[in-house]
Each structure stands twice: as C-alpha cells, then as structure tokens.
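As stored in coords-v4.csv (CSV, C-alpha atoms):
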```
chain,number,residue,atom,x,y,z
A,1,MET,CA,13.0,-19.1,23.9
A,2,ALA,CA,14.3,-18.2,20.5
A,3,PHE,CA,14.4,-14.5,19.5
A,4,VAL,CA,11.7,-13.8,17.0
A,5,ASP,CA,12.3,-10.7,14.8
A,6,GLU,CA,10.2,-11.7,11.7
A,7,VAL,CA,6.8,-13.3,11.7
A,8,THR,CA,3.6,-13.2,9.6
A,9,VAL,CA,0.2,-13.2,11.2
A,10,ARG,CA,-3.3,-13.2,9.6
A,11,ALA,CA,-5.7,-10.7,11.0
A,12,TYR,CA,-9.2,-9.6,10.1
A,13,ALA,CA,-11.1,-6.4,10.9
A,14,GLY,CA,-14.7,-6.9,11.8
A,15,LYS,CA,-17.6,-6.9,9.3
A,16,GLY,CA,-20.0,-4.0,9.5
A,17,GLY,CA,-23.4,-4.8,11.1
A,18,ASN,CA,-26.4,-5.0,8.9
A,19,GLY,CA,-29.0,-2.3,8.6
A,20,VAL,CA,-32.5,-3.4,9.6
A,21,VAL,CA,-36.1,-2.9,8.6
A,22,ARG,CA,-38.2,-1.6,11.5
A,23,TRP,CA,-41.3,0.5,11.9
A,24,LEU,CA,-42.5,3.1,14.3
A,25,ARG,CA,-45.6,2.1,16.3
A,26,SER,CA,-47.7,5.1,17.3
A,27,GLN,CA,-51.3,6.2,17.7
A,28,GLY,CA,-52.5,2.6,17.7
A,29,LYS,CA,-51.3,1.9,14.2
A,30,ALA,CA,-49.7,-1.4,13.6
A,31,GLN,CA,-47.1,0.2,11.3
A,32,GLY,CA,-45.9,3.8,11.3
A,33,GLY,CA,-43.0,5.3,9.5
A,34,PRO,CA,-39.6,3.5,8.8
A,35,ALA,CA,-37.4,3.4,11.9
A,36,GLY,CA,-34.7,0.8,11.1
A,37,GLY,CA,-31.2,1.9,12.3
A,38,ASP,CA,-27.9,1.5,10.6
A,39,GLY,CA,-25.5,-1.3,11.5
A,40,GLY,CA,-22.4,-0.5,13.6
A,41,ARG,CA,-18.9,-0.3,12.0
A,42,GLY,CA,-16.7,-3.4,12.4
A,43,GLY,CA,-13.8,-3.3,14.8
A,44,ASP,CA,-10.3,-2.4,13.5
A,45,VAL,CA,-6.9,-4.2,13.8
A,46,ILE,CA,-4.5,-2.0,15.6
A,47,LEU,CA,-0.8,-2.3,16.4
A,48,GLU,CA,0.6,-0.9,19.6
A,49,GLY,CA,4.3,-0.3,20.3
A,50,VAL,CA,5.8,-1.8,23.5
A,51,ARG,CA,9.3,-1.8,25.0
A,52,ASP,CA,9.3,-5.6,25.2
A,53,LEU,CA,11.7,-6.8,22.4
A,54,SER,CA,10.4,-10.3,22.8
A,55,ALA,CA,6.8,-9.3,22.0
A,56,LEU,CA,6.9,-11.0,18.6
A,57,ASN,CA,7.5,-14.4,20.3
A,58,TYR,CA,3.8,-14.5,21.1
A,59,TYR,CA,3.0,-14.7,17.4
A,60,ARG,CA,5.0,-17.9,16.8
A,61,TYR,CA,2.0,-20.0,17.7
A,62,GLU,CA,-0.9,-17.5,17.8
A,63,LYS,CA,-1.2,-16.7,14.1
A,64,GLU,CA,-4.8,-15.6,13.5
A,65,PHE,CA,-6.7,-12.7,15.0
A,66,ARG,CA,-10.2,-11.3,14.4
A,67,ALA,CA,-11.8,-8.0,15.5
A,68,GLU,CA,-15.4,-8.1,16.5
A,69,ALA,CA,-18.2,-7.5,13.9
A,70,GLY,CA,-20.4,-4.5,14.2
A,71,LYS,CA,-23.9,-5.0,15.8
A,72,PRO,CA,-27.0,-4.8,13.6
A,73,GLY,CA,-29.2,-1.7,13.7
A,74,GLU,CA,-32.1,-1.6,16.0
A,75,SER,CA,-35.6,-0.1,16.0
A,76,GLU,CA,-36.5,3.5,16.8
A,77,LEU,CA,-33.6,4.7,14.6
A,78,ARG,CA,-31.0,3.3,16.9
A,79,HIS,CA,-27.7,2.4,15.3
A,80,GLY,CA,-25.9,-0.8,16.1
A,81,ALA,CA,-22.8,-0.6,18.3
A,82,LYS,CA,-19.3,-0.6,16.8
A,83,GLY,CA,-17.4,-3.9,17.0
A,84,ALA,CA,-14.5,-4.1,19.5
A,85,SER,CA,-11.1,-3.6,17.9
A,86,ILE,CA,-8.2,-6.0,18.5
A,87,VAL,CA,-4.8,-4.6,19.6
A,88,LEU,CA,-1.7,-6.5,18.7
A,89,LYS,CA,1.3,-5.5,20.7
A,90,VAL,CA,4.6,-5.3,18.9
A,91,PRO,CA,8.1,-4.1,19.9
A,92,ILE,CA,9.1,-0.5,19.1
A,93,GLY,CA,11.1,-0.6,15.9
A,94,THR,CA,8.6,-3.0,14.2
A,95,VAL,CA,7.8,-2.5,10.5
A,96,ALA,CA,4.4,-3.9,9.5
A,97,ARG,CA,3.5,-4.6,5.8
A,98,VAL,CA,-0.1,-5.4,4.9
A,99,GLU,CA,0.2,-8.0,2.2
A,100,ALA,CA,-3.1,-7.2,0.5
A,101,THR,CA,-2.4,-3.5,0.0
A,102,ASN,CA,1.4,-3.3,0.4
A,103,ARG,CA,0.8,-0.5,3.0
A,104,VAL,CA,3.8,-0.1,5.4
A,105,TYR,CA,3.6,1.1,8.9
A,106,GLU,CA,6.5,1.8,11.4
A,107,ILE,CA,6.0,1.7,15.1
A,108,LEU,CA,8.8,3.8,16.6
A,109,GLU,CA,7.6,4.9,20.0
A,110,GLU,CA,6.1,3.2,23.0
A,111,GLY,CA,2.4,3.5,23.2
A,112,THR,CA,2.0,4.5,19.6
A,113,GLN,CA,-1.1,2.9,18.1
A,114,MET,CA,-1.7,2.5,14.3
A,115,THR,CA,-4.8,1.1,12.6
A,116,VAL,CA,-3.5,-1.3,9.9
A,117,LEU,CA,-6.8,-3.0,9.0
A,118,HIS,CA,-10.1,-1.1,9.0
A,119,GLY,CA,-13.4,-2.5,9.9
A,120,GLY,CA,-16.2,-2.6,7.4
A,121,ASP,CA,-18.9,0.1,7.3
A,122,GLY,CA,-22.3,-0.7,8.8
A,123,GLY,CA,-25.3,-1.2,6.5
A,124,LYS,CA,-28.1,1.2,6.2
A,125,GLY,CA,-31.5,0.7,7.9
A,126,ASN,CA,-34.8,1.3,6.1
A,127,ALA,CA,-35.1,4.8,7.5
A,128,ARG,CA,-32.4,5.8,5.2
A,129,PHE,CA,-34.5,5.0,2.1
A,130,LYS,CA,-37.6,7.1,3.0
A,131,GLY,CA,-38.4,9.6,0.3
A,132,SER,CA,-41.3,11.5,-1.3
A,133,THR,CA,-42.0,8.5,-3.6
A,134,ASN,CA,-41.2,5.8,-1.0
A,135,GLN,CA,-42.8,6.5,2.3
A,136,ASN,CA,-42.6,3.0,3.6
A,137,PRO,CA,-39.3,1.5,2.3
A,138,PHE,CA,-38.5,-2.1,2.9
A,139,GLN,CA,-34.9,-1.7,1.7
A,140,GLN,CA,-31.9,-2.1,3.9
A,141,THR,CA,-28.2,-2.9,3.2
A,142,ASP,CA,-25.9,-5.4,4.8
A,143,GLY,CA,-22.7,-4.3,6.4
A,144,LYS,CA,-19.5,-4.4,4.4
A,145,PRO,CA,-16.6,-6.8,5.2
A,146,GLY,CA,-13.6,-5.5,7.0
A,147,GLU,CA,-10.1,-5.6,5.6
A,148,GLY,CA,-8.0,-8.7,6.3
A,149,GLY,CA,-5.1,-10.9,5.4
A,150,GLY,CA,-1.5,-11.3,6.1
A,151,ILE,CA,0.6,-8.8,8.0
A,152,GLU,CA,4.4,-9.2,7.9
A,153,LEU,CA,6.0,-8.0,11.1
A,154,THR,CA,9.7,-7.2,11.0
A,155,LEU,CA,11.6,-5.9,14.0
A,156,LYS,CA,14.5,-3.5,13.4
A,157,ILE,CA,16.1,-2.8,16.7
A,158,ILE,CA,16.5,0.9,17.5
A,159,ALA,CA,19.8,1.4,19.3
A,160,ASP,CA,22.2,4.2,19.9
A,161,ALA,CA,25.2,2.1,18.9
A,162,GLY,CA,25.5,-1.2,17.0
A,163,LEU,CA,28.6,-3.5,17.5
A,164,VAL,CA,29.6,-5.0,14.1
A,165,GLY,CA,32.5,-7.1,12.9
A,166,MET,CA,33.5,-10.6,11.8
A,167,PRO,CA,32.6,-13.6,14.0
A,168,ASN,CA,34.8,-13.7,17.1
A,169,ALA,CA,35.8,-10.1,16.9
A,170,GLY,CA,34.9,-9.7,20.6
A,171,LYS,CA,31.5,-7.9,20.3
A,172,SER,CA,29.7,-9.9,22.9
A,173,THR,CA,32.6,-9.7,25.3
A,174,LEU,CA,32.6,-5.9,24.9
A,175,LEU,CA,28.9,-5.7,25.4
A,176,ASN,CA,29.2,-7.7,28.6
A,177,ALA,CA,32.0,-5.4,29.9
A,178,LEU,CA,30.2,-2.2,29.1
A,179,THR,CA,26.7,-3.1,30.2
A,180,ARG,CA,26.8,-6.2,32.5
A,181,THR,CA,24.8,-8.0,29.9
A,182,LYS,CA,25.3,-11.8,30.0
A,183,ALA,CA,25.7,-12.4,26.3
A,184,LYS,CA,27.1,-15.8,25.3
A,185,THR,CA,30.7,-15.8,24.2
A,186,GLY,CA,33.0,-18.5,22.8
A,187,SER,CA,35.8,-19.3,20.4
A,188,TYR,CA,33.8,-20.5,17.5
A,189,ALA,CA,32.0,-18.7,14.7
A,190,PHE,CA,28.4,-17.4,15.2
A,191,THR,CA,28.4,-17.7,19.0
A,192,THR,CA,25.8,-14.9,18.9
A,193,LEU,CA,22.7,-16.2,17.1
A,194,GLU,CA,20.5,-13.3,18.0
A,195,PRO,CA,21.0,-9.6,18.8
A,196,ASN,CA,21.9,-8.8,22.4
A,197,LEU,CA,21.2,-5.5,24.0
A,198,GLY,CA,22.5,-3.6,27.0
A,199,ASP,CA,22.4,-0.2,28.6
A,200,PHE,CA,25.6,1.9,28.7
A,201,ASN,CA,25.2,5.2,30.6
A,202,GLY,CA,21.7,5.6,29.3
A,203,HIS,CA,22.6,4.5,25.8
A,204,LEU,CA,21.2,1.3,24.2
A,205,ILE,CA,24.0,-0.8,22.7
A,206,ALA,CA,23.2,-3.7,20.4
A,207,ASP,CA,25.5,-6.6,19.6
A,208,ILE,CA,24.8,-7.4,15.9
A,209,PRO,CA,25.7,-11.1,15.1
A,210,GLY,CA,28.9,-11.7,13.2
A,211,LEU,CA,29.1,-10.9,9.5
A,212,ILE,CA,30.8,-12.9,6.8
A,213,GLU,CA,31.5,-12.3,3.1
A,214,GLY,CA,28.2,-12.5,1.2
A,215,ALA,CA,26.1,-11.6,4.3
A,216,SER,CA,24.3,-8.9,2.3
A,217,GLU,CA,23.2,-11.6,-0.1
A,218,GLY,CA,22.0,-13.8,2.6
A,219,LYS,CA,25.0,-16.0,3.4
A,220,GLY,CA,25.8,-17.0,6.9
A,221,LEU,CA,23.4,-15.3,9.2
A,222,GLY,CA,22.8,-13.0,6.3
A,223,THR,CA,20.5,-10.0,6.0
A,224,ARG,CA,18.4,-11.2,9.0
A,225,PHE,CA,20.8,-9.3,11.3
A,226,LEU,CA,22.1,-6.6,9.0
A,227,LYS,CA,18.7,-5.0,9.1
A,228,HIS,CA,19.2,-4.4,12.9
A,229,ALA,CA,22.1,-2.1,12.1
A,230,GLU,CA,19.8,0.1,10.0
A,231,ARG,CA,18.4,2.2,12.9
A,232,THR,CA,21.5,2.4,15.0
A,233,LYS,CA,22.8,5.9,15.3
A,234,ILE,CA,26.5,5.0,15.1
A,235,ILE,CA,28.5,1.8,14.3
A,236,VAL,CA,31.2,0.5,16.5
A,237,HIS,CA,33.3,-1.7,14.2
A,238,LEU,CA,35.5,-4.3,15.9
A,239,VAL,CA,38.5,-6.0,14.2
A,240,SER,CA,40.4,-8.6,16.1
A,241,ALA,CA,44.1,-8.1,16.6
A,242,GLU,CA,44.6,-11.9,16.3
A,243,LEU,CA,44.1,-11.6,12.5
A,244,ASP,CA,47.2,-11.6,10.3
A,245,ASP,CA,45.5,-9.1,8.0
A,246,PRO,CA,43.0,-7.0,10.0
A,247,SER,CA,42.7,-4.6,7.0
A,248,SER,CA,41.2,-7.4,4.9
A,249,ALA,CA,38.6,-8.2,7.6
A,250,TYR,CA,37.8,-4.5,7.8
A,251,ARG,CA,37.2,-4.3,4.1
A,252,LYS,CA,35.0,-7.4,4.0
A,253,VAL,CA,32.7,-6.1,6.7
A,254,ARG,CA,32.6,-2.6,5.1
A,255,LYS,CA,31.7,-4.2,1.8
A,256,GLU,CA,28.7,-6.0,3.3
A,257,LEU,CA,27.5,-2.9,5.0
A,258,ASP,CA,27.8,-0.9,1.8
A,259,SER,CA,26.2,-3.6,-0.3
A,260,PHE,CA,23.3,-3.9,2.0
A,261,GLY,CA,22.5,-0.2,1.6
A,262,HIS,CA,19.7,1.3,3.7
A,263,GLY,CA,22.1,4.1,4.8
A,264,LEU,CA,24.5,1.8,6.6
A,265,SER,CA,27.5,3.1,4.7
A,266,ASP,CA,26.8,6.6,5.9
A,267,LYS,CA,26.6,6.0,9.6
A,268,PRO,CA,29.4,7.3,11.8
A,269,GLU,CA,31.9,4.6,12.6
A,270,LEU,CA,34.1,4.1,15.6
A,271,LEU,CA,36.9,1.6,14.7
A,272,VAL,CA,38.3,-0.7,17.3
A,273,LEU,CA,41.2,-3.1,17.3
A,274,SER,CA,40.0,-5.7,19.8
A,275,LYS,CA,41.7,-8.6,21.7
A,276,VAL,CA,45.1,-6.8,21.8
A,277,ASP,CA,46.0,-8.8,24.9
A,278,LEU,CA,46.3,-11.9,22.7
A,279,VAL,CA,49.3,-10.7,20.6
A,280,PRO,CA,52.6,-9.0,21.6
A,281,GLU,CA,52.3,-5.3,22.0
A,282,GLU,CA,54.7,-4.5,19.2
A,283,GLN,CA,52.5,-6.6,16.9
A,284,TRP,CA,49.2,-5.2,17.8
A,285,ARG,CA,50.5,-1.6,17.5
A,286,GLU,CA,51.8,-2.4,14.0
A,287,ARG,CA,48.4,-3.8,13.1
A,288,CYS,CA,46.7,-0.8,14.6
A,289,ALA,CA,48.8,1.4,12.3
A,290,GLN,CA,48.0,-0.7,9.3
A,291,LEU,CA,44.3,-0.5,10.0
A,292,ALA,CA,44.5,3.3,10.5
A,293,GLU,CA,46.2,3.6,7.1
A,294,GLU,CA,43.5,1.4,5.5
A,295,ALA,CA,40.5,3.1,7.0
A,296,LYS,CA,41.9,6.6,7.3
A,297,LYS,CA,40.4,6.7,10.8
A,298,GLU,CA,41.3,6.8,14.4
A,299,ILE,CA,41.8,3.3,15.8
A,300,VAL,CA,40.9,2.6,19.5
A,301,PRO,CA,42.8,-0.4,21.0
A,302,LEU,CA,40.8,-2.6,23.3
A,303,SER,CA,41.2,-5.6,25.5
A,304,SER,CA,38.7,-7.0,28.0
A,305,GLU,CA,41.7,-8.1,30.1
A,306,ARG,CA,43.1,-4.6,30.4
A,307,PRO,CA,41.0,-2.3,32.5
A,308,GLU,CA,42.8,0.8,31.5
A,309,LEU,CA,42.0,0.2,27.8
A,310,CYS,CA,38.4,-0.6,28.6
A,311,ASP,CA,38.1,2.7,30.6
A,312,ALA,CA,39.7,4.6,27.7
A,313,PHE,CA,37.4,3.0,25.2
A,314,ALA,CA,34.3,3.8,27.3
A,315,ALA,CA,35.3,7.4,27.6
A,316,ARG,CA,36.0,7.6,23.8
A,317,LEU,CA,32.6,6.0,23.1
A,318,ILE,CA,30.8,8.6,25.2
A,319,ASP,CA,32.6,11.4,23.4
A,320,PHE,CA,31.9,9.8,20.1
A,321,LEU,CA,28.1,9.5,20.8
A,322,LYS,CA,28.0,13.1,22.1
A,323,SER,CA,29.7,14.4,19.0
A,324,TYR,CA,26.9,13.0,16.9
A,325,GLY,CA,24.2,14.3,19.2
A,326,VAL,CA,23.3,10.9,20.6
```

Can the structure from this file be put into structure tokens for me?
Amino acid sequence: MAFVDEVTVRAYAGKGGNGVVRWLRSQGKAQGGPAGGDGGRGGDVILEGVRDLSALNYYRYEKEFRAEAGKPGESELRHGAKGASIVLKVPIGTVARVEATNRVYEILEEGTQMTVLHGGDGGKGNARFKGSTNQNPFQQTDGKPGEGGGIELTLKIIADAGLVGMPNAGKSTLLNALTRTKAKTGSYAFTTLEPNLGDFNGHLIADIPGLIEGASEGKGLGTRFLKHAERTKIIVHLVSAELDDPSSAYRKVRKELDSFGHGLSDKPELLVLSKVDLVPEEQWRERCAQLAEEAKKEIVPLSSERPELCDAFAARLIDFLKSYGV
C-alpha cells in the first residue's frame, strides 16, 4: 500500500438538538407551566494521535465523516442528550488545517486528543422563555449547526535523525545496516519513494527520499519529503564518494535545505562520505579532505561493506546525538 502523508477529508460536527414546547400536568389541569427542555449539543470532530504512521492510509477512500446530532429536549425540563463525537485517528506528527477557519492543530504525542470542529449548541425549550409578562410561552429555538468542511491532514515525521542526500547516496543502505529495516535499494534515482523509518539504539532514524536541485520548488520528489526533515532533531548528510565533485553535491543539497526554510538550515549536521569501498582509498581520502574544506566540518567515512567503518560511524552517531541532547 502506498504511503499517504497528505490527505484532505470532509468532516461535520453534529447539529444541536432543538428545544421543545412542553407543559407540566398537575392538579388535574390539562396545561400547567412551561416545561420544555433544551436540545443537546451536537457531537464534536476530534483528532487523536496514534503511533501508526500509516494511519492516514485509511482516509484515501473514506473521505466524509459526521458526528451525531444532539437530541431534542424533553418534557419536565429534561435536556436532550449530547450527540456522540467522532474521533479520527492520525499519526503523531500530523498537522491539521481546518479550511473554513484556517485554524491549525499539531498532534505531537500519542493519545493526544484535539477538538477541531465543534458541535452546534442546542436550542432552548419554552421553559427558558417564561417571564412575568409571558407565563405560558410557546417559543422555542432550534439547535445550531455544527462546524464542518475540509480538514487538510499533513504528516511531518518526528524522528531523532533524518538521512538526507542526493539520490543514490546510500541512505537506505545505511538505514538497513543501522536498524535492520528492509528499505528498498538500487542503482537508479529515486529508489526510495517514501520515507523509511527504523530504530537505532532507541533513536528513530528516518530515510528522507533523495533530493535534487529545485526540490525546494517542487522538482523531483520536491517539498513532499523535505517537510519530513522539519522535525528531525539532527541531519545526517550523505555524499557519495563515487562523485567526481562531492563538494558540488553537498552544496546542492544544502541549498535546497536552506531554501526550504522551516529551520532546516539550523539543524545540527553530521556529514558522511559514503560508498568509500567503490573507489580507491587514496581517492576517497582526497575527496574526504575536499569535502571537509568545503563544509568546514568533520567528515565521517562510511562503507556498508566495511564493518569497521560501520561500527565507527554508529559510535560517532551516538556521540553526536548525545551532544545535542537527543
């Protein structure tokens, strides 16, 4: 099943129940004082955070949801029951925007519930209208409609570290090595068509699909996946040692991160020269030095075929995460 991280649903909170005209019956009279109760409030539309990152898949085909209307008032001043609310489950990290009001909600923790559409107020029964000049009112009011309309749901994955880089930089291979995730790998561009996640010593690692020039403007896989880097605590930036000019590839990805904004340019970055097993050692060491000069940062060499380099990288990643309180 395709990974769904953006979807729009239509949801409607319940209408309030109507107030009613009712009368007390006492002492043999056919009609006593006013006794009509108020209508119940309509049910709300509520979002609840869950750990299932595929939760938005459900809304690919189920697009419309309605909370229950409030019940009408009853006799003997009894109010109608509140309508049942409807709860839509969304992955933690989901941003919801209500189209009609432009209100924005963020679901950041499992079990968090947020009311995004409010049910309508119940109408007033005739008992509410009794006064010194109106002892037997026949007035009542109908319940008010609930809020409703489109809700845009956008998932922005919350991860401790996000793997970024050009296509074929080795991100999925690294994720597989670190976390035993079975992310698809290959020797062609855009092997990864959706974010992959894995657990590394209690840290959530996200493989963000490959970036190209213009991604921040929507080219290639575009901003659809850049947004997933927004909430990562650190960035692990992979540059392939196969490239004749790794510094150029580094600059291109940094430009896209900086252009996209949303704080990406300020995130701590661990820079990795990947696939060093595919070029002679003298060559990859020279490219490592070039990249260090360009980025003014430490460069960690890496190869999935060399266990000692994988172990050294894993240890460095743990230290890097700890140094930023992750």

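For the set A:Cys288, A:Ala11, A:Leu204, A:Ala67, the residue with the smallest atom-to-atom gap to Asp244 of chain A is A:Cys288, counting all atoms listed in the file.
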
Separation of atom CA of Ser265 of chain A and atom CA of Thr232 of chain A, in Å?
->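 Those two atoms sit 11.9 Å apart.
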
Within 8 Å of Glu6 of chain A using only C-alpha atoms, minus same-chain residues under 4 positions, as a list in words |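 Surrounding residues, per the criterion: Leu56, Glu152, Leu153, Thr154 and Leu155 of chain A.
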
Using all atoms listed in the file, which of the listed residues (A:Asn196, A:Asn57, A:Thr101, A:Asn18) sits closest to Glu74 of chain A?
->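 For Glu74 of chain A, the nearest of the given residues is A:Asn18.
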
Interatomic distance (Å, one decimal) between atom CA of Trp284 of chain A and atom CA of Leu321 of chain A |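 Between these atoms lies a distance of 25.9 Å.
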
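Only residues having an atom at most 8 Å from (0.3, -8.3, 17.0) are included; using only C-alpha atoms, these are Val9, Leu47, Glu48, Leu56, Tyr59, Val87, Leu88, Lys89 and Val90 of chain A.
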
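Atom CA of Arg41 of chain A sits 28.6 Å away from atom CA of Ser132 of chain A.
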